[in-house]
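Shown below: target-v3.tsv, with TSV, C-alpha atoms.
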chain	number	residue	atom	x	y	z
A	3	MET	CA	81.85	146.59	-181.91
A	4	ALA	CA	82.65	147.02	-185.59
A	5	ILE	CA	84.11	144.01	-187.37
A	6	VAL	CA	87.24	145.09	-189.23
A	7	TYR	CA	88.36	141.65	-190.42
A	8	GLN	CA	86.87	138.18	-190.61
A	9	LYS	CA	87.30	134.95	-192.51
A	10	SER	CA	85.90	135.02	-196.03
A	11	LYS	CA	82.45	133.56	-196.56
A	12	ALA	CA	83.96	131.60	-199.43
A	13	LEU	CA	85.88	129.42	-196.93
A	14	THR	CA	84.39	126.62	-194.84
A	15	ASP	CA	85.19	125.96	-191.18
A	16	ALA	CA	87.20	122.83	-192.06
A	17	GLU	CA	90.70	122.71	-190.57
A	18	LEU	CA	93.38	122.89	-193.27
A	19	HIS	CA	95.48	119.75	-193.67
A	20	TYR	CA	98.56	121.55	-194.99
A	21	CYS	CA	101.95	121.30	-193.26
A	22	PRO	CA	103.12	124.09	-190.92
A	23	GLY	CA	104.64	126.91	-192.95
A	24	CYS	CA	103.03	125.85	-196.21
A	25	THR	CA	101.54	128.85	-198.01
A	26	HIS	CA	98.60	127.01	-199.59
A	27	GLY	CA	96.43	128.41	-196.81
A	28	ILE	CA	97.35	131.99	-197.69
A	29	ILE	CA	96.60	131.35	-201.36
A	30	HIS	CA	93.24	129.76	-200.47
A	31	LYS	CA	92.46	132.90	-198.48
A	32	LEU	CA	93.23	135.17	-201.43
A	33	VAL	CA	91.09	133.14	-203.83
A	34	ALA	CA	88.23	133.07	-201.33
A	35	GLU	CA	88.37	136.82	-200.70
A	36	THR	CA	88.33	137.42	-204.45
A	37	LEU	CA	85.21	135.31	-204.92
A	38	GLU	CA	83.47	137.13	-202.08
A	39	GLU	CA	84.47	140.62	-203.19
A	40	LEU	CA	83.36	139.95	-206.77
A	41	GLY	CA	80.07	138.50	-205.49
A	42	ILE	CA	80.52	135.23	-207.38
A	43	ILE	CA	80.68	132.58	-204.64
A	44	GLY	CA	77.34	131.11	-205.73
A	45	THR	CA	78.24	131.19	-209.43
A	46	THR	CA	81.73	129.73	-209.28
A	47	VAL	CA	82.98	126.18	-209.83
A	48	GLY	CA	86.48	125.25	-208.69
A	49	ILE	CA	88.35	122.19	-209.93
A	50	ALA	CA	90.60	120.42	-207.40
A	51	PRO	CA	93.29	118.13	-208.83
A	52	VAL	CA	95.51	115.46	-207.32
A	53	GLY	CA	98.35	116.81	-205.20
A	54	CYS	CA	98.63	118.74	-201.94
A	55	SER	CA	95.45	120.64	-202.87
A	56	VAL	CA	93.49	117.42	-203.45
A	57	PHE	CA	91.14	118.30	-200.57
A	58	ALA	CA	90.47	121.86	-201.75
A	59	TYR	CA	86.81	120.94	-202.11
A	60	ASN	CA	86.65	120.80	-198.30
A	61	TYR	CA	87.76	124.39	-197.92
A	62	PHE	CA	85.78	126.49	-200.42
A	63	THR	CA	82.04	127.13	-200.13
A	64	CYS	CA	81.61	127.50	-203.88
A	65	ASP	CA	80.82	124.39	-205.93
A	66	MET	CA	83.88	122.18	-206.31
A	67	MET	CA	84.74	119.19	-208.48
A	68	GLU	CA	87.60	116.68	-208.33
A	69	ALA	CA	89.68	115.92	-211.41
A	70	ALA	CA	92.10	113.11	-212.20
A	71	HIS	CA	95.79	113.94	-211.86
A	72	GLY	CA	96.68	116.71	-214.32
A	73	ARG	CA	93.25	116.87	-215.92
A	74	ALA	CA	91.78	119.88	-214.12
A	75	PRO	CA	91.95	122.16	-217.22
A	76	ALA	CA	90.07	119.55	-219.26
A	77	VAL	CA	87.36	119.27	-216.60
A	78	ALA	CA	87.20	123.06	-216.27
A	79	THR	CA	86.81	123.35	-220.05
A	80	GLY	CA	83.79	121.06	-219.97
A	81	VAL	CA	82.19	122.97	-217.09
A	82	LYS	CA	82.77	126.40	-218.67
A	83	ARG	CA	81.57	125.41	-222.13
A	84	THR	CA	78.44	123.82	-220.64
A	85	HIS	CA	77.80	126.73	-218.29
A	86	PRO	CA	79.45	129.82	-219.83
A	87	ASP	CA	77.75	132.07	-217.28
A	88	LEU	CA	79.74	130.55	-214.41
A	89	SER	CA	83.20	131.52	-213.20
A	90	VAL	CA	85.45	128.46	-213.37
A	91	PHE	CA	88.92	128.02	-211.91
A	92	THR	CA	91.49	125.29	-211.42
A	93	TYR	CA	93.79	125.21	-208.42
A	94	GLN	CA	96.90	123.19	-209.28
A	95	GLY	CA	100.39	122.41	-208.03
A	96	ASP	CA	103.55	122.06	-210.10
A	97	GLY	CA	103.63	118.26	-209.93
A	98	ASP	CA	100.09	118.24	-211.30
A	99	LEU	CA	100.13	121.07	-213.83
A	100	ALA	CA	103.73	121.07	-215.04
A	101	ALA	CA	104.21	117.29	-215.27
A	102	ILE	CA	101.33	114.94	-215.99
A	103	GLY	CA	99.05	117.87	-216.85
A	104	THR	CA	101.33	119.82	-219.18
A	105	ALA	CA	99.36	118.95	-222.31
A	106	GLU	CA	96.05	119.94	-220.71
A	107	ILE	CA	97.23	123.37	-219.58
A	108	VAL	CA	99.00	124.16	-222.86
A	109	HIS	CA	95.99	123.24	-224.99
A	110	ALA	CA	93.54	125.05	-222.68
A	111	ALA	CA	95.64	128.19	-223.19
A	112	MET	CA	95.95	127.52	-226.93
A	113	ARG	CA	92.16	127.30	-227.26
A	114	GLY	CA	91.74	130.43	-225.19
A	115	GLU	CA	89.41	128.68	-222.76
A	116	LYS	CA	87.66	131.26	-220.59
A	117	ILE	CA	88.87	129.78	-217.31
A	118	THR	CA	91.29	130.88	-214.59
A	119	THR	CA	94.16	128.74	-213.33
A	120	ILE	CA	95.85	129.29	-209.99
A	121	PHE	CA	99.22	127.53	-210.25
A	122	VAL	CA	101.09	126.89	-207.00
A	123	ASN	CA	104.79	126.32	-207.67
A	124	ASN	CA	106.85	125.00	-204.75
A	125	ALA	CA	109.48	123.35	-206.97
A	126	ILE	CA	108.86	119.84	-205.69
A	127	TYR	CA	106.30	117.05	-205.43
A	128	GLY	CA	104.75	117.79	-202.04
A	129	MET	CA	102.04	115.23	-201.36
A	130	THR	CA	103.89	112.13	-202.56
A	131	GLY	CA	107.12	112.55	-200.64
A	132	GLY	CA	109.36	115.19	-202.15
A	133	GLN	CA	110.30	113.78	-205.53
A	134	MET	CA	111.91	116.00	-208.17
A	135	ALA	CA	109.36	117.97	-210.18
A	136	PRO	CA	109.71	119.67	-213.59
A	137	THR	CA	110.09	122.90	-211.60
A	138	THR	CA	112.81	121.66	-209.22
A	139	LEU	CA	115.83	123.95	-209.46
A	140	VAL	CA	119.23	122.84	-210.70
A	141	GLY	CA	121.20	121.66	-207.67
A	142	GLN	CA	118.07	121.36	-205.52
A	143	LYS	CA	117.84	118.04	-203.70
A	144	ALA	CA	114.81	115.77	-203.88
A	145	THR	CA	114.10	112.18	-202.90
A	146	THR	CA	114.60	111.15	-206.52
A	147	ALA	CA	117.61	113.45	-206.93
A	148	PRO	CA	119.49	113.06	-203.62
A	149	TYR	CA	122.59	114.77	-205.01
A	150	GLY	CA	120.63	117.63	-206.53
A	151	ARG	CA	119.07	118.16	-209.94
A	152	GLN	CA	121.68	117.91	-212.69
A	153	LYS	CA	120.98	119.97	-215.81
A	154	GLU	CA	122.90	117.62	-218.11
A	155	HIS	CA	120.78	114.70	-216.96
A	156	TYR	CA	117.35	116.19	-216.20
A	157	GLY	CA	117.34	119.38	-218.26
A	158	SER	CA	116.40	122.81	-216.98
A	159	PRO	CA	113.37	123.56	-214.79
A	160	ILE	CA	110.32	124.55	-216.81
A	161	ARG	CA	109.02	128.12	-216.58
A	162	MET	CA	105.27	127.89	-217.07
A	163	CYS	CA	104.44	131.62	-217.08
A	164	GLU	CA	107.02	132.32	-219.75
A	165	MET	CA	105.90	129.39	-221.89
A	166	LEU	CA	102.17	130.01	-221.67
A	167	SER	CA	102.60	133.73	-222.31
A	168	THR	CA	103.77	132.93	-225.85
A	169	ILE	CA	100.37	131.43	-226.65
A	170	ASP	CA	97.87	133.86	-228.16
A	171	GLY	CA	94.93	132.36	-226.27
A	172	CYS	CA	96.55	133.23	-222.95
A	173	THR	CA	95.01	136.61	-222.15
A	174	TYR	CA	96.74	137.17	-218.85
A	175	ALA	CA	99.68	135.50	-217.08
A	176	GLU	CA	101.44	136.78	-213.97
A	177	ARG	CA	103.86	135.29	-211.45
A	178	VAL	CA	103.56	136.35	-207.82
A	179	THR	CA	104.49	135.07	-204.36
A	180	VAL	CA	103.17	135.33	-200.81
A	181	THR	CA	106.39	135.58	-198.78
A	182	ASP	CA	105.48	138.89	-197.09
A	183	VAL	CA	102.68	141.41	-196.78
A	184	ALA	CA	103.63	143.44	-199.85
A	185	ASN	CA	103.75	140.35	-202.04
A	186	VAL	CA	100.49	139.02	-200.60
A	187	VAL	CA	98.81	142.27	-201.64
A	188	LYS	CA	100.24	141.94	-205.16
A	189	ALA	CA	99.16	138.30	-205.36
A	190	LYS	CA	95.62	139.21	-204.35
A	191	LYS	CA	95.52	141.90	-207.04
A	192	ALA	CA	96.69	139.42	-209.70
A	193	ILE	CA	94.16	136.77	-208.69
A	194	LYS	CA	91.34	139.30	-208.67
A	195	LYS	CA	92.35	140.58	-212.10
A	196	ALA	CA	92.38	137.05	-213.49
A	197	PHE	CA	88.84	136.38	-212.29
A	198	THR	CA	87.63	139.83	-213.39
A	199	LEU	CA	88.95	139.26	-216.91
A	200	GLN	CA	87.17	135.93	-217.03
A	201	GLN	CA	83.92	137.64	-216.06
A	202	GLN	CA	84.50	140.08	-218.91
A	203	GLY	CA	84.71	137.21	-221.38
A	204	ALA	CA	88.46	137.29	-221.92
A	205	GLY	CA	90.44	134.18	-222.75
A	206	PHE	CA	92.59	131.97	-220.55
A	207	THR	CA	93.98	133.65	-217.39
A	208	PHE	CA	96.85	132.26	-215.36
A	209	VAL	CA	98.39	133.22	-212.02
A	210	GLU	CA	101.51	131.41	-210.84
A	211	VAL	CA	102.24	131.68	-207.12
A	212	LEU	CA	105.71	130.78	-205.85
A	213	SER	CA	105.18	128.82	-202.65
A	214	THR	CA	107.18	127.09	-199.94
A	215	CYS	CA	107.35	123.43	-198.94
A	216	PRO	CA	109.23	123.43	-195.61
A	217	THR	CA	108.56	119.72	-195.01
A	218	ASN	CA	110.07	118.39	-198.22
A	219	TRP	CA	112.71	121.11	-198.44
A	220	GLY	CA	113.89	120.11	-194.97
A	221	LEU	CA	113.74	123.69	-193.70
A	222	SER	CA	111.91	125.63	-191.03
A	223	PRO	CA	109.03	127.83	-192.26
A	224	LEU	CA	111.12	131.00	-191.90
A	225	LYS	CA	114.18	129.54	-193.60
A	226	ALA	CA	111.95	128.19	-196.37
A	227	ILE	CA	110.76	131.73	-197.13
A	228	ASP	CA	114.36	132.93	-197.29
A	229	TRP	CA	115.25	130.01	-199.58
A	230	LEU	CA	112.41	130.92	-201.92
A	231	LYS	CA	113.55	134.54	-202.09
A	232	ASP	CA	117.20	133.63	-202.61
A	233	ASN	CA	116.76	130.76	-205.06
A	234	MET	CA	113.33	130.60	-206.69
A	235	ILE	CA	112.72	134.26	-207.49
A	236	PRO	CA	116.00	134.68	-209.40
A	237	TYR	CA	115.06	131.74	-211.64
A	238	TYR	CA	111.32	132.44	-211.65
A	239	PRO	CA	111.15	136.27	-211.77
A	240	LEU	CA	107.95	137.87	-210.52
A	241	GLY	CA	105.88	140.00	-212.88
A	242	VAL	CA	103.30	140.12	-215.66
A	243	TYR	CA	104.18	137.92	-218.65
A	244	ALA	CA	101.04	138.29	-220.76
A	245	ASN	CA	98.39	140.99	-220.78
A	246	ARG	CA	96.33	140.80	-223.95
A	247	THR	CA	93.23	142.37	-222.43
A	248	GLU	CA	92.77	144.85	-225.26
A	249	GLU	CA	93.17	142.14	-227.88
A	250	ALA	CA	90.57	140.00	-226.09
A	251	LYS	CA	87.83	142.64	-226.20
Structure rendered as structure tokens:
Amino acid sequence: MAIVYQKSKALTDAELHYCPGCTHGIIHKLVAETLEELGIIGTTVGIAPVGCSVFAYNYFTCDMMEAAHGRAPAVATGVKRTHPDLSVFTYQGDGDLAAIGTAEIVHAAMRGEKITTIFVNNAIYGMTGGQMAPTTLVGQKATTAPYGRQKEHYGSPIRMCEMLSTIDGCTYAERVTVTDVANVVKAKKAIKKAFTLQQQGAGFTFVEVLSTCPTNWGLSPLKAIDWLKDNMIPYYPLGVYANRTEEAK
């Protein structure tokens, strides 16, 4: 019998620890399939940060390293500069990348580091109990903002794709989501392009994936997807924000 579909060889057999309805598993799948299809599983190093994806090193069969909270781009920079022949990626959440790690990601983009960042944005701190994140929407409730985020007090949510796209060293930046089949296909295409550009020697590549957090949002998995579509996408529009591939050659 012909095998038409099977789990990627870039994933281990470890059971995922993520909450029901969380889309980290889908994103892991897309990254793993990309590594396998590009034939770079054995020549890739992934950097796992602190956050919901802290155990990512258990799930990928490529070499993985752990970084301190927010410092994954700095660690990835060291790996890539020491071993420029390897493909290097960071896998980070919004509490990690857009808060304590803001300086690291901005300066990695500014230097045009030849690494790829997969940024999972679920608009809240997931692992530590649902605190307000820099990406939490105005009016959205969190454990540290029980009445909802107030713009006059906390400012506006940060848009990482838009900000990083203004930096010349950022070769490619795209925002996607994985709420349905069509968007999963688009997300896979963006992730594969980011890794392909890195292989071609381009600068910093960045893919932001809008994700759900049913547990901390207090919603069912299905209602969480609807909430993302109705609330996150209008504030965080999907699309390509930087594509300097010709300039990078």
With all atoms listed in the file as the atoms that count, which of A:Asn60, A:Thr247, A:Thr198, A:Thr119 lies nearest to A:Thr36?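 For A:Thr36, the nearest of the candidates is A:Thr198.
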In terms of the shortest atom-to-atom distance over all atoms listed in the file, which of A:Tyr20, A:Lys31, A:Tyr237, A:Leu13 is closest to A:Val186?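 Checking each candidate against A:Val186, we get A:Lys31 as the closest.
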Here is a test: counting all atoms listed in the file, which residue of A:Ser167, A:Ile102, A:Trp219, A:Leu212 is nearest to A:Lys143? A:Trp219
Compile the contact shell of stretch 68-82 of chain A as a list in words: residues with an atom at most 8 Å away, counting only C-alpha atoms, same-chain residues fewer than 6 positions apart removed.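 The residues that qualify are Val47, Gly48, Ile49, Ala50, Pro51, Val52, Gly53, Val56, Tyr59, Leu88, Ser89, Val90, Phe91, Thr92, Gln94, Asp98, Leu99, Ala101, Ile102, Gly103, Thr104, Glu106, Ile107, Ala110, Glu115, Lys116, Ile117 and Thr119 of chain A.
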Using all atoms listed in the file, which of A:Lys225, A:His109, A:Lys195, A:His155 sits nearest A:Asp170?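 Smallest separation from A:Asp170 among the options: A:His109.
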Distance query 12 Å from (79.8, 135.5, -207.0) using all atoms listed in the file, result as a PyMOL selection string: chain A and resi 11-12+33-47+63-65+87-90+197-198+201
Starting from the incomplete input, reconstruct N, CA and C atoms of stretch 200-211 of chain A and write that as a compact mmCIF listing (two decimals), keeping the file's coordinate frame.
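result-v5.txt was written with the following content:
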# COMPACT_ATOMS: atom_id res chain seq x y z
N GLN A 200 88.04 137.04 -216.63
CA GLN A 200 87.17 135.93 -217.03
C GLN A 200 85.71 136.37 -217.07
N GLN A 201 85.29 137.13 -216.08
CA GLN A 201 83.92 137.64 -216.06
C GLN A 201 83.63 138.52 -217.27
N GLN A 202 84.67 139.19 -217.76
CA GLN A 202 84.50 140.08 -218.91
C GLN A 202 84.53 139.33 -220.23
N GLY A 203 84.72 138.01 -220.16
CA GLY A 203 84.71 137.21 -221.38
C GLY A 203 86.04 137.07 -222.06
N ALA A 204 87.13 137.42 -221.33
CA ALA A 204 88.46 137.29 -221.92
C ALA A 204 88.84 135.82 -222.00
N GLY A 205 89.99 135.56 -222.59
CA GLY A 205 90.44 134.18 -222.75
C GLY A 205 91.05 133.63 -221.47
N PHE A 206 91.95 132.69 -221.65
CA PHE A 206 92.59 131.97 -220.55
C PHE A 206 93.40 132.93 -219.66
N THR A 207 93.22 132.82 -218.33
CA THR A 207 93.98 133.65 -217.39
C THR A 207 94.71 132.75 -216.42
N PHE A 208 95.94 133.15 -216.08
CA PHE A 208 96.85 132.26 -215.36
C PHE A 208 97.64 133.05 -214.33
N VAL A 209 97.60 132.60 -213.08
CA VAL A 209 98.39 133.22 -212.02
C VAL A 209 99.25 132.15 -211.37
N GLU A 210 100.56 132.32 -211.47
CA GLU A 210 101.51 131.41 -210.84
C GLU A 210 101.95 132.01 -209.51
N VAL A 211 101.86 131.21 -208.45
CA VAL A 211 102.24 131.68 -207.12
C VAL A 211 103.42 130.84 -206.62
